[in-house]
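Here is the file upload_38.cif (mmCIF, C-alpha atoms and all ligand atoms; chains and numbers go by the auth columns).
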```
data_work
#
loop_
_atom_site.group_PDB
_atom_site.id
_atom_site.type_symbol
_atom_site.label_atom_id
_atom_site.label_comp_id
_atom_site.label_asym_id
_atom_site.label_seq_id
_atom_site.Cartn_x
_atom_site.Cartn_y
_atom_site.Cartn_z
_atom_site.B_iso_or_equiv
_atom_site.auth_seq_id
_atom_site.auth_asym_id
ATOM 1 C CA MET A 1 75.591 120.669 213.519 0.00 86 K
ATOM 2 C CA ALA A 2 76.599 123.160 216.159 0.00 87 K
ATOM 3 C CA ASP A 3 74.189 125.859 217.011 0.00 88 K
ATOM 4 C CA GLN A 4 75.078 128.832 214.834 0.00 89 K
ATOM 5 C CA GLY A 5 72.574 131.254 216.332 0.00 90 K
ATOM 6 C CA VAL A 6 73.296 133.766 219.017 0.00 91 K
ATOM 7 C CA ASP A 7 71.751 131.836 221.838 0.00 92 K
ATOM 8 C CA PRO A 8 71.216 134.103 224.857 0.00 93 K
ATOM 9 C CA GLY A 9 72.317 131.367 227.233 0.00 94 K
ATOM 10 C CA ARG A 10 75.464 130.807 225.295 0.00 95 K
ATOM 11 C CA ARG A 11 76.250 134.498 225.102 0.00 96 K
ATOM 12 C CA ARG A 12 75.734 134.807 228.843 0.00 97 K
ATOM 13 C CA PHE A 13 78.000 131.841 229.463 0.00 98 K
ATOM 14 C CA LEU A 14 80.757 133.287 227.309 0.00 99 K
ATOM 15 C CA THR A 15 80.547 136.627 229.028 0.00 100 K
ATOM 16 C CA ALA A 16 80.528 135.093 232.457 0.00 101 K
ATOM 17 C CA THR A 17 83.381 132.725 231.936 0.00 102 K
ATOM 18 C CA THR A 18 86.138 135.077 230.915 0.00 103 K
ATOM 19 C CA ALA A 19 88.422 134.151 233.742 0.00 104 K
ATOM 20 C CA VAL A 20 91.916 133.807 234.975 0.00 105 K
ATOM 21 C CA VAL A 21 93.925 130.951 233.561 0.00 106 K
ATOM 22 C CA GLY A 22 96.547 129.032 235.383 0.00 107 K
ATOM 23 C CA GLY A 23 96.197 130.294 238.899 0.00 108 K
ATOM 24 C CA ALA A 24 96.616 133.650 240.471 0.00 109 K
ATOM 25 C CA GLY A 25 98.871 136.380 239.273 0.00 110 K
ATOM 26 C CA VAL A 26 98.917 139.502 237.229 0.00 111 K
ATOM 27 C CA MET A 27 100.120 137.779 234.092 0.00 112 K
ATOM 28 C CA ALA A 28 97.424 135.160 234.289 0.00 113 K
ATOM 29 C CA ALA A 29 94.783 137.783 234.861 0.00 114 K
ATOM 30 C CA ALA A 30 95.900 139.538 231.692 0.00 115 K
ATOM 31 C CA ILE A 31 95.219 136.483 229.576 0.00 116 K
ATOM 32 C CA PRO A 32 91.594 135.534 229.967 0.00 117 K
ATOM 33 C CA PHE A 33 90.173 132.154 229.141 0.00 118 K
ATOM 34 C CA LEU A 34 87.059 131.954 227.033 0.00 119 K
ATOM 35 C CA SER A 35 85.353 128.839 228.208 0.00 120 K
ATOM 36 C CA SER A 36 83.097 126.264 226.657 0.00 121 K
ATOM 37 C CA TRP A 37 80.686 127.124 223.971 0.00 122 K
ATOM 38 C CA GLN A 38 78.616 123.993 224.100 0.00 123 K
ATOM 39 C CA PRO A 39 77.109 122.428 221.002 0.00 124 K
ATOM 40 C CA SER A 40 73.616 121.043 221.299 0.00 125 K
ATOM 41 C CA ALA A 41 73.123 117.659 222.916 0.00 126 K
ATOM 42 C CA ARG A 42 71.894 116.417 219.566 0.00 127 K
ATOM 43 C CA ALA A 43 75.138 117.457 217.866 0.00 128 K
ATOM 44 C CA GLN A 44 77.202 115.881 220.588 0.00 129 K
ATOM 45 C CA SER A 45 75.388 112.584 220.459 0.00 130 K
ATOM 46 C CA ALA A 46 75.710 112.493 216.696 0.00 131 K
ATOM 47 C CA GLY A 47 79.419 113.224 216.837 0.00 132 K
ATOM 48 C CA ALA A 48 78.773 115.909 214.280 0.00 133 K
ATOM 49 C CA PRO A 49 81.272 118.599 213.379 0.00 134 K
ATOM 50 C CA VAL A 50 81.125 121.676 215.591 0.00 135 K
ATOM 51 C CA THR A 51 81.158 125.139 214.059 0.00 136 K
ATOM 52 C CA GLU A 52 82.185 128.130 216.163 0.00 137 K
ATOM 53 C CA SER A 53 82.871 131.782 215.681 0.00 138 K
ATOM 54 C CA ILE A 54 86.352 132.813 216.756 0.00 139 K
ATOM 55 C CA SER A 55 85.738 136.498 216.133 0.00 140 K
ATOM 56 C CA LYS A 56 85.916 137.353 219.837 0.00 141 K
ATOM 57 C CA LEU A 57 89.100 135.432 220.491 0.00 142 K
ATOM 58 C CA GLN A 58 91.873 137.886 221.309 0.00 143 K
ATOM 59 C CA ALA A 59 95.607 137.325 220.870 0.00 144 K
ATOM 60 C CA GLY A 60 96.907 135.234 223.735 0.00 145 K
ATOM 61 C CA GLN A 61 93.500 133.814 224.649 0.00 146 K
ATOM 62 C CA LEU A 62 92.264 130.253 224.668 0.00 147 K
ATOM 63 C CA LEU A 63 88.766 129.245 223.617 0.00 148 K
ATOM 64 C CA ARG A 64 87.466 125.916 224.805 0.00 149 K
ATOM 65 C CA ILE A 65 84.974 124.079 222.604 0.00 150 K
ATOM 66 C CA THR A 66 83.378 120.691 223.198 0.00 151 K
ATOM 67 C CA TRP A 67 83.503 118.248 220.314 0.00 152 K
ATOM 68 C CA ARG A 68 82.361 114.638 220.695 0.00 153 K
ATOM 69 C CA GLY A 69 82.419 115.111 224.435 0.00 154 K
ATOM 70 C CA GLN A 70 86.060 116.147 224.366 0.00 155 K
ATOM 71 C CA PRO A 71 87.539 119.559 225.093 0.00 156 K
ATOM 72 C CA VAL A 72 89.114 121.233 222.100 0.00 157 K
ATOM 73 C CA PHE A 73 91.423 124.162 222.711 0.00 158 K
ATOM 74 C CA VAL A 74 91.699 126.995 220.216 0.00 159 K
ATOM 75 C CA VAL A 75 94.556 129.351 221.030 0.00 160 K
ATOM 76 C CA ARG A 76 95.112 132.580 219.183 0.00 161 K
ATOM 77 C CA ARG A 77 98.863 132.839 219.431 0.00 162 K
ATOM 78 C CA THR A 78 100.720 136.109 219.542 0.00 163 K
ATOM 79 C CA GLU A 79 103.755 136.908 217.416 0.00 164 K
ATOM 80 C CA GLN A 80 105.896 136.407 220.506 0.00 165 K
ATOM 81 C CA MET A 81 104.437 132.969 221.122 0.00 166 K
ATOM 82 C CA LEU A 82 105.147 131.923 217.548 0.00 167 K
ATOM 83 C CA LYS A 83 108.685 133.267 217.632 0.00 168 K
ATOM 84 C CA ALA A 84 109.415 131.243 220.777 0.00 169 K
ATOM 85 C CA LEU A 85 108.406 127.901 219.262 0.00 170 K
ATOM 86 C CA PRO A 86 111.664 126.951 217.481 0.00 171 K
ATOM 87 C CA GLY A 87 113.646 127.601 220.649 0.00 172 K
ATOM 88 C CA GLN A 88 111.995 124.624 222.341 0.00 173 K
ATOM 89 C CA ASP A 89 112.856 121.990 219.739 0.00 174 K
ATOM 90 C CA ALA A 90 115.859 120.520 221.542 0.00 175 K
ATOM 91 C CA ARG A 91 113.760 119.859 224.643 0.00 176 K
ATOM 92 C CA LEU A 92 110.889 118.144 222.848 0.00 177 K
ATOM 93 C CA ARG A 93 110.194 114.492 222.167 0.00 178 K
ATOM 94 C CA ASP A 94 108.669 114.949 218.703 0.00 179 K
ATOM 95 C CA PRO A 95 109.547 118.489 217.623 0.00 180 K
ATOM 96 C CA ASN A 96 108.771 117.862 213.956 0.00 181 K
ATOM 97 C CA SER A 97 105.429 116.167 214.575 0.00 182 K
ATOM 98 C CA ASP A 98 106.638 112.950 212.998 0.00 183 K
ATOM 99 C CA ASN A 99 103.963 110.845 214.708 0.00 184 K
ATOM 100 C CA PRO A 100 101.205 110.890 212.078 0.00 185 K
ATOM 101 C CA ASP A 101 98.542 109.894 214.589 0.00 186 K
ATOM 102 C CA GLN A 102 98.758 113.226 216.362 0.00 187 K
ATOM 103 C CA GLN A 103 97.827 115.620 213.592 0.00 188 K
ATOM 104 C CA PRO A 104 96.467 115.735 210.050 0.00 189 K
ATOM 105 C CA ALA A 105 99.093 116.226 207.358 0.00 190 K
ATOM 106 C CA TYR A 106 98.187 119.892 206.995 0.00 191 K
ATOM 107 C CA ALA A 107 99.224 120.488 210.614 0.00 192 K
ATOM 108 C CA LYS A 108 102.622 118.823 210.290 0.00 193 K
ATOM 109 C CA ASN A 109 104.579 122.038 210.248 0.00 194 K
ATOM 110 C CA ALA A 110 106.525 124.243 212.631 0.00 195 K
ATOM 111 C CA HIS A 111 103.380 125.677 214.226 0.00 196 K
ATOM 112 C CA ARG A 112 101.183 122.536 213.959 0.00 197 K
ATOM 113 C CA SER A 113 98.255 124.412 212.482 0.00 198 K
ATOM 114 C CA ILE A 114 96.594 125.600 209.301 0.00 199 K
ATOM 115 C CA LYS A 115 97.071 129.264 210.142 0.00 200 K
ATOM 116 C CA ALA A 116 100.100 129.980 212.292 0.00 201 K
ATOM 117 C CA GLU A 117 98.053 132.244 214.534 0.00 202 K
ATOM 118 C CA TYR A 118 95.425 129.658 215.468 0.00 203 K
ATOM 119 C CA LEU A 119 96.379 126.499 217.312 0.00 204 K
ATOM 120 C CA VAL A 120 93.644 123.843 217.520 0.00 205 K
ATOM 121 C CA LEU A 121 94.186 120.901 219.883 0.00 206 K
ATOM 122 C CA VAL A 122 92.225 118.163 221.561 0.00 207 K
ATOM 123 C CA GLY A 123 92.624 119.160 225.193 0.00 208 K
ATOM 124 C CA ILE A 124 93.318 115.681 226.515 0.00 209 K
ATOM 125 C CA CYS A 125 96.698 114.673 227.852 0.00 210 K
ATOM 126 C CA THR A 126 98.257 111.858 225.858 0.00 211 K
ATOM 127 C CA HIS A 127 99.328 110.112 229.047 0.00 212 K
ATOM 128 C CA LEU A 128 96.148 109.076 230.853 0.00 213 K
ATOM 129 C CA GLY A 129 93.616 111.560 229.639 0.00 214 K
ATOM 130 C CA CYS A 130 93.539 114.468 232.072 0.00 215 K
ATOM 131 C CA VAL A 131 92.803 117.935 230.746 0.00 216 K
ATOM 132 C CA PRO A 132 95.993 120.023 230.676 0.00 217 K
ATOM 133 C CA LEU A 133 96.031 123.569 231.993 0.00 218 K
ATOM 134 C CA PHE A 134 96.781 126.512 229.712 0.00 219 K
ATOM 135 C CA LYS A 135 99.905 128.201 231.040 0.00 220 K
ATOM 136 C CA PRO A 136 100.850 130.862 228.505 0.00 221 K
ATOM 137 C CA GLU A 137 103.045 132.913 230.817 0.00 222 K
ATOM 138 C CA VAL A 138 106.736 132.947 229.908 0.00 223 K
ATOM 139 C CA MET A 139 108.163 132.703 233.387 0.00 224 K
ATOM 140 C CA ALA A 140 109.681 130.196 235.781 0.00 225 K
ATOM 141 C CA GLN A 141 107.096 127.754 237.073 0.00 226 K
ATOM 142 C CA PRO A 142 107.240 125.251 239.923 0.00 227 K
ATOM 143 C CA PHE A 143 107.216 122.519 237.299 0.00 228 K
ATOM 144 C CA ASP A 144 109.717 124.126 234.890 0.00 229 K
ATOM 145 C CA ALA A 145 112.250 126.835 235.679 0.00 230 K
ATOM 146 C CA ASP A 146 112.639 127.622 231.963 0.00 231 K
ATOM 147 C CA TRP A 147 108.981 127.669 231.070 0.00 232 K
ATOM 148 C CA SER A 148 108.224 129.313 227.724 0.00 233 K
ATOM 149 C CA GLY A 149 104.469 128.955 227.844 0.00 234 K
ATOM 150 C CA GLY A 150 102.293 126.032 226.901 0.00 235 K
ATOM 151 C CA PHE A 151 100.151 123.421 228.583 0.00 236 K
ATOM 152 C CA TYR A 152 100.765 121.670 231.864 0.00 237 K
ATOM 153 C CA CYS A 153 99.056 118.472 232.968 0.00 238 K
ATOM 154 C CA PRO A 154 98.898 118.449 236.762 0.00 239 K
ATOM 155 C CA CYS A 155 97.978 114.767 236.992 0.00 240 K
ATOM 156 C CA HIS A 156 101.524 113.529 236.448 0.00 241 K
ATOM 157 C CA ASN A 157 103.429 116.650 235.395 0.00 242 K
ATOM 158 C CA SER A 158 103.451 116.343 231.628 0.00 243 K
ATOM 159 C CA ARG A 159 104.318 119.496 229.761 0.00 244 K
ATOM 160 C CA PHE A 160 103.562 120.655 226.230 0.00 245 K
ATOM 161 C CA ASP A 161 104.655 123.784 224.405 0.00 246 K
ATOM 162 C CA LEU A 162 102.458 126.329 222.659 0.00 247 K
ATOM 163 C CA ALA A 163 102.158 124.035 219.651 0.00 248 K
ATOM 164 C CA GLY A 164 101.045 121.137 221.862 0.00 249 K
ATOM 165 C CA ARG A 165 104.409 119.391 221.472 0.00 250 K
ATOM 166 C CA VAL A 166 105.372 117.207 224.399 0.00 251 K
ATOM 167 C CA TYR A 167 108.569 117.801 226.333 0.00 252 K
ATOM 168 C CA GLN A 168 111.111 115.086 226.950 0.00 253 K
ATOM 169 C CA GLY A 169 111.227 113.406 230.342 0.00 254 K
ATOM 170 C CA VAL A 170 107.502 113.493 231.084 0.00 255 K
ATOM 171 C CA PRO A 171 105.022 110.612 231.143 0.00 256 K
ATOM 172 C CA ALA A 172 102.963 111.743 228.148 0.00 257 K
ATOM 173 C CA PRO A 173 104.281 109.820 225.142 0.00 258 K
ATOM 174 C CA SER A 174 103.169 112.062 222.319 0.00 259 K
ATOM 175 C CA ASN A 175 102.139 115.526 221.282 0.00 260 K
ATOM 176 C CA LEU A 176 98.610 116.738 221.947 0.00 261 K
ATOM 177 C CA ARG A 177 96.388 115.745 219.069 0.00 262 K
ATOM 178 C CA VAL A 178 95.295 118.218 216.409 0.00 263 K
ATOM 179 C CA PRO A 179 91.726 117.296 215.397 0.00 264 K
ATOM 180 C CA PRO A 180 90.504 117.525 211.810 0.00 265 K
ATOM 181 C CA HIS A 181 89.339 121.066 211.272 0.00 266 K
ATOM 182 C CA ARG A 182 88.944 123.810 208.723 0.00 267 K
ATOM 183 C CA PHE A 183 88.161 127.502 208.455 0.00 268 K
ATOM 184 C CA LEU A 184 84.856 128.299 206.804 0.00 269 K
ATOM 185 C CA ASP A 185 85.924 131.941 206.712 0.00 270 K
ATOM 186 C CA ASP A 186 88.336 134.153 208.663 0.00 271 K
ATOM 187 C CA ASN A 187 86.197 134.052 211.797 0.00 272 K
ATOM 188 C CA THR A 188 84.551 130.654 211.625 0.00 273 K
ATOM 189 C CA LEU A 189 86.179 127.408 212.593 0.00 274 K
ATOM 190 C CA GLN A 190 84.745 123.946 212.089 0.00 275 K
ATOM 191 C CA ILE A 191 86.014 121.050 214.189 0.00 276 K
ATOM 192 C CA GLY A 192 85.523 117.465 213.107 0.00 277 K
ATOM 193 C CA VAL A 193 85.852 117.823 209.380 0.00 278 K
ATOM 194 C CA ASP A 194 88.478 119.273 207.109 0.00 279 K
ATOM 195 C CA THR A 195 88.955 120.267 203.528 0.00 280 K
ATOM 196 C CA GLU A 196 89.851 116.703 202.663 0.00 281 K
ATOM 197 C CA GLY A 197 86.640 115.412 204.201 0.00 282 K
ATOM 198 C CA ALA A 198 88.328 113.645 207.121 0.00 283 K
ATOM 199 C CA VAL A 199 86.229 113.206 210.240 0.00 284 K
HETATM 200 S S1 LIG B . 97.371 112.277 232.502 0.00 1 H
HETATM 201 FE FE1 LIG B . 98.593 113.984 232.010 0.00 1 H
HETATM 202 S S2 LIG B . 100.480 113.498 232.855 0.00 1 H
HETATM 203 FE FE2 LIG B . 99.293 111.771 233.306 0.00 1 H
#
```
Translate this structure into structure tokens?
Ligand code: FES
Amino acid sequence: MADQGVDPGRRRFLTATTAVVGGAGVMAAAIPFLSSWQPSARAQSAGAPVTESISKLQAGQLLRITWRGQPVFVVRRTEQMLKALPGQDARLRDPNSDNPDQQPAYAKNAHRSIKAEYLVLVGICTHLGCVPLFKPEVMAQPFDADWSGGFYCPCHNSRFDLAGRVYQGVPAPSNLRVPPHRFLDDNTLQIGVDTEGAV
């Protein structure tokens, strides 16, 4: 089990790691990145589900959690982010999440999540396993002049939208994976198990 207590070290780490995402710039600075809340070594070695509070996660922010040694991204999407999702469909390889390996059935929907607001993804590129960067800014990027926000893998230039859906014409073959997860209450997320008992 993940550590549920308010560990001073963990609190300090969270406070200290609110940082700029995706390089320099005013926009990036406005969207801080809450970095890893680490489960105990015992939980990691056991591959146990990880339980985390998301109460401090603000709209537009990304929280990074470690589950089974992998990064898991939790993004609290804004209304604007959600409204932009359908506009990307024509540019995506699997816009309807038809590959069943990449998400549980309950995340096969337009926003690829249980609650539209909260996106939960394994933060590992489906090409060769790099960790994509969170690039939420809607602005032209060196890698995409029509960038609408999402994730960018710098290893070989794969791009994913703000539902983790892969763009066409990049090396990554599939959407970022949605791990099994569930909400224990409005502010508590559990990764690694879901309401159907999948792990
Ligand atoms: S590992 Fe991400 S594009 Fe190759």
- [ ] Calculate how many Å separate CA of Leu247 (chain K) from CA of Asp229 (chain K), rounding to one decimal.
- [x] 14.4 Å
Open item on the list: Residue by residue, what does the PyMOL selection byres (((chain K and resi 255) around 9) and not hetatm) grab here? Present the result as an MDAnalysis selection string.
Closed with: chainID K and resid 241:244 251:254 256:258
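As for CA of Lys220 (chain K) and CA of Asp270 (chain K), they are spaced 28.3 Å apart.
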Task: Option closest in space to ligand LIG 1 (chain H), from K:Phe228, K:Tyr203, K:Phe219, K:Tyr237 [counting all atoms listed in the file] - done: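 Of all the options, K:Tyr237 lies closest to ligand LIG 1 (chain H).
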Open item on the list: If we count only C-alpha atoms and set the cut-off at 8 Å, which residues sit around Pro156 (chain K), ignoring sequence neighbours fewer than 2 positions away in its own chain? Please answer as a PyMOL selection string.
Closed with: chain K and resi 149-152+154+158+207-209+216
Task: Nearest to Pro217 (chain K) by atom-to-atom distance, counting only C-alpha atoms, from K:Ala195, K:Leu269, K:Phe245, K:Ser233 - done: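 Closest residue, counting only C-alpha atoms: K:Phe245.
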